[in-house]
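These notes are about the structure you will find just below.
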Amino acid sequence: MNEADSELAAADFAARGYELTDDLKKADAVVVNTCTVRQQAENRALSQLGRLEGWKAARPGRKLFVIGCAAERLGFGTLRHKFPFIDGVIGAKALDGLSEELDKHLPPAGDGTGPTAGGETAPASIFSSPLSAYVTVMRGCSLKCTYCIVPSVRGPAAFLPEEEVLQQVRRRVDSGAREIVLLGQTVNAWREGERRFEDLLDSISSVPGVLRLRFMSPHPLYFTPAWLRAYAENPAIARHLHLPVQSGSDRILKAMRRGYTAAEYLGTLAKIRKADPDTVFSTDFIVGYPGETAADFEKTLDLVRAGRFGFAFCFKYSPRPGAPAKDAPDLSSPCGDITDREMRDRLARLLEEVKITGRDIFTERIGRIEEVLVESARRGKTSSNFNCRLDRECAPGALVRVEVTGAGKTELSGKVLP
Ligand code: 5AD
Ligand code: SF4
């Protein structure tokens with residue numbers, strides 16, 4: 001989500017005639033886009049800001065902006081107090097106001113009459129490949145997972161109208177995108193009137209030029225029979241789903257207010273695998289949620305084995321001000337009864353278990369036929385989201401059928417079929 005917002009910010013600059021640079025010495029302005037989902041992410045953003053003091057002082061006229069979720073949480077006052085050299089702060093809820101804020105601070109680059117100055121500019125893909133474009137279809141979240149600060153810094157769920165989404169998709173396809181990645185905190189909850197998420201997927205995949213559709217992150221509660229049918233029937237929907245589970249213990253899932261049990265989550269995976277057995281899943285786990293016992297943690301390991309994930313992001317619980325768990329009396333101590341050492345131990349064991357199943361899922365691709373979106377002459381990405389080396393040169397942007405012949409450390413290799 002932050003990467004997509006950074007692309008929007010870059011487009012705001014481009015509309016003023018500015019160009020991206022990764023050379024700090026050349027930059028006239030820097031935007032630090034911040035995350036606050038875990039304390040560590042926020043700390044990293046703040047130390048990044050600290051390091052920019054010298055850059056800012058080295059040349060008069062340089063501008064420094066702070067945007068995103070930590071900017072929302074801390075606010076202009078706190079940030080300016082810590083870092084007096086900051087020019088502007090635009091919190092996650094106010095991202096729409098970035099353009100106005102830039103008008104206050106920035107002279108147009110060059111003489112301001114260049115071809116792009118003052119115009120509208122479609123965001124460019126900065127973080128993923130140029131063939132892949134993020135399109136945000138919802139902002140905020142209306143669920144109340146107890147560990148999570150997102151609803152407080154991004155506000156309640158708001159869905160973009162279908163027509164606006166389609167407009168963005170067409171613009172990104174016109175600038176070369178072939179894969180669209182739909183973004184939202186509970187992306188599959190998208191709705192507009194009678195229209196549901198599967199209708200949106202169908203209309204986007206019929207835009208000429210769209211070859212593949214991904215979305216991040218769905219929530220287990222919003223998969224309906226109608227969505228499952230659309231998934232089975234629409235091959236443009238990628239066969240990889242990132243479906244955060246957080247824990248394998250029903251007690252902890254309940255405390256987290258996730259709205260499902262481990263068995264119900266696994267039931268959802270089974271239904272999706274029934275619609276397409278080739279689907280690869282990935283997930284998120286939090287270890288050390290307050291009150292998590294050794295037995296709870298064992299259930300998480302069981303879920304890794306039963307769920308068979310291609311990979312998983314595993315996080316240590318981080319207490320967040322503004323997240324409901326902070327205020328719950330029985331869950332209020334920073335790490336419950338769990339010592340830091342136990343937390344690290346559990347994380348290491350979880351990562352190990354995830355690695356084992358992940359490797360199996362990866363090598364099981366050998367012998368299968370995969371659809372690969374070619375990214376460079378000899379490389380591409382499978383629908384199941386694995387990098388794949390090709391045995392012959394293909395045109396970037398093409399969709400080719402590949403027989404997987406090997407699985408290396410990080411990528412598959414395959415024979416392009418006629
Ligand atoms: N502590 C640790 N991990 C968290 N996540 C969200 N909030 C927290 C927290 N307070 C993780 C969840 C979520 C991912 C984006 O970040 O696993 O799915
Ligand atoms: Fe946070 Fe839960 Fe919403 Fe995800 S679904 S953003 S974890 S409150």
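Here's how to read the names in the structure tokens: chain A, B, ... by the order shown, residue numbers from 1 in each chain, ligand numbers from 1 in the order shown.
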Give the strand (DSSP E) residues of segment 106-337 of chain A, as DSSP finds them on the backbone, and put them as a ChimeraX atom specification. /A:132-136,138-139,158-159,179-183,191-192,195-196,212-216,240-242,280-287,311-316
Which residues are near ligand 2 in this structure, taking near to mean any atom at most 7 Å from a ligand atom and counting only C-alpha atoms and all ligand atoms? Format them as a list in words. Cys141, Ser142, Leu143, Lys144, Cys145, Cys148, Ile149, Val150, Pro151, Gln185, Thr186, His219 and Arg258 of chain A
Chain A residues near ligand 1 within 8 Å, closest pair each, using only C-alpha atoms and all ligand atoms, as a Markdown table:
```
| residue | atom | partner | partner_atom_place_in_ligand_line | distance |
| --- | --- | --- | --- | --- |
| A:Val37 | CA | ligand 1 | 7 (N) | 5.1 |
| A:Arg38 | CA | ligand 1 | 9 (C) | 5.2 |
| A:Gln39 | CA | ligand 1 | 10 (N) | 7.9 |
| A:Tyr147 | CA | ligand 1 | 10 (N) | 4.5 |
| A:Cys148 | CA | ligand 1 | 7 (N) | 4.3 |
| A:Ile149 | CA | ligand 1 | 7 (N) | 6.5 |
| A:Val150 | CA | ligand 1 | 7 (N) | 7.7 |
| A:Pro244 | CA | ligand 1 | 18 (O) | 5.3 |
| A:Val245 | CA | ligand 1 | 18 (O) | 7.5 |
| A:Gln246 | CA | ligand 1 | 17 (O) | 5.5 |
| A:Thr283 | CA | ligand 1 | 18 (O) | 7.8 |
| A:Asp284 | CA | ligand 1 | 17 (O) | 4.5 |
| A:Phe285 | CA | ligand 1 | 17 (O) | 5.0 |
| A:Ile286 | CA | ligand 1 | 17 (O) | 5.3 |
| A:Val287 | CA | ligand 1 | 2 (C) | 7.7 |
| A:Tyr289 | CA | ligand 1 | 1 (N) | 8.0 |
| A:Phe313 | CA | ligand 1 | 17 (O) | 7.2 |
| A:Cys314 | CA | ligand 1 | 17 (O) | 6.9 |
| A:Phe315 | CA | ligand 1 | 3 (N) | 5.0 |
| A:Lys316 | CA | ligand 1 | 2 (C) | 5.3 |
| A:Tyr317 | CA | ligand 1 | 1 (N) | 3.8 |
| A:Ser318 | CA | ligand 1 | 1 (N) | 3.7 |
| A:Pro319 | CA | ligand 1 | 10 (N) | 5.2 |
| A:Arg320 | CA | ligand 1 | 10 (N) | 5.5 |
| A:Ala323 | CA | ligand 1 | 10 (N) | 7.5 |
```
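With atom CA of Pro235 of chain A on one side and atom CA of Ser125 of chain A on the other, the separation reads 23.7 Å.
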Exercise: Lys82 of chain A partners within 10 Å, only C-alpha atoms, chain neighbours under 5 positions left out, as a ChimeraX atom specification: /A:46,49-50,76-77
May I have all residues of segment 177-380 of chain A that DSSP, computed from the backbone, assigns to alpha helix (DSSP H), given as a count of residues only? 81
Polymer residues at most 8 Å from Val31 of chain A, only C-alpha atoms, same-chain spacing of 5 or more positions, as a PDB file with all heavy atoms, in the first residue's frame:
```pdb
ATOM      1  N   LEU A  64      11.880  18.659   2.275  1.00  0.00           N
ATOM      2  CA  LEU A  64      11.721  17.321   2.857  1.00  0.00           C
ATOM      3  C   LEU A  64      10.282  17.139   3.347  1.00  0.00           C
ATOM      4  O   LEU A  64       9.776  17.945   4.138  1.00  0.00           O
ATOM      5  CB  LEU A  64      12.700  17.162   4.027  1.00  0.00           C
ATOM      6  CG  LEU A  64      12.623  15.848   4.814  1.00  0.00           C
ATOM      7  CD1 LEU A  64      12.857  14.643   3.905  1.00  0.00           C
ATOM      8  CD2 LEU A  64      13.669  15.849   5.938  1.00  0.00           C
ATOM      9  N   PHE A  65       9.645  16.086   2.829  1.00  0.00           N
ATOM     10  CA  PHE A  65       8.246  15.803   3.191  1.00  0.00           C
ATOM     11  C   PHE A  65       8.154  14.437   3.871  1.00  0.00           C
ATOM     12  O   PHE A  65       8.856  13.505   3.487  1.00  0.00           O
ATOM     13  CB  PHE A  65       7.360  15.792   1.944  1.00  0.00           C
ATOM     14  CG  PHE A  65       7.403  17.099   1.197  1.00  0.00           C
ATOM     15  CD1 PHE A  65       8.288  17.285   0.129  1.00  0.00           C
ATOM     16  CD2 PHE A  65       6.582  18.155   1.575  1.00  0.00           C
ATOM     17  CE1 PHE A  65       8.339  18.490  -0.549  1.00  0.00           C
ATOM     18  CE2 PHE A  65       6.626  19.364   0.904  1.00  0.00           C
ATOM     19  CZ  PHE A  65       7.513  19.535  -0.161  1.00  0.00           C
ATOM     20  N   VAL A  66       7.263  14.341   4.841  1.00  0.00           N
ATOM     21  CA  VAL A  66       7.017  13.059   5.499  1.00  0.00           C
ATOM     22  C   VAL A  66       5.554  12.703   5.273  1.00  0.00           C
ATOM     23  O   VAL A  66       4.664  13.510   5.571  1.00  0.00           O
ATOM     24  CB  VAL A  66       7.281  13.128   7.021  1.00  0.00           C
ATOM     25  CG1 VAL A  66       7.275  11.726   7.612  1.00  0.00           C
ATOM     26  CG2 VAL A  66       8.598  13.820   7.299  1.00  0.00           C
ATOM     27  N   ILE A  67       5.319  11.516   4.725  1.00  0.00           N
ATOM     28  CA  ILE A  67       3.937  11.095   4.461  1.00  0.00           C
ATOM     29  C   ILE A  67       3.701   9.715   5.091  1.00  0.00           C
ATOM     30  O   ILE A  67       4.615   9.121   5.642  1.00  0.00           O
ATOM     31  CB  ILE A  67       3.620  11.080   2.938  1.00  0.00           C
ATOM     32  CG1 ILE A  67       4.397   9.983   2.220  1.00  0.00           C
ATOM     33  CG2 ILE A  67       3.941  12.428   2.303  1.00  0.00           C
ATOM     34  CD1 ILE A  67       3.994   9.808   0.754  1.00  0.00           C
TER      35      ILE A  67
END
```
Please identify all polymer residues within 7 Å of segment 207-217 of chain A, counting only C-alpha atoms, omitting same-chain residues fewer than 6 positions from it, and present them as a PyMOL selection string. chain A and resi 173+178-187+236-238+242-243
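Minimum atom-to-atom distances from A:Val165, A:Ala133, A:Ala270, A:Ala312 to Ala4 of chain A were compared using only C-alpha atoms, and the lowest value belongs to A:Ala133.
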For the atom pair atom CA of Arg341 of chain A and atom CA of Leu253 of chain A, what is the interatomic distance in Å to one decimal place? 22.7 Å
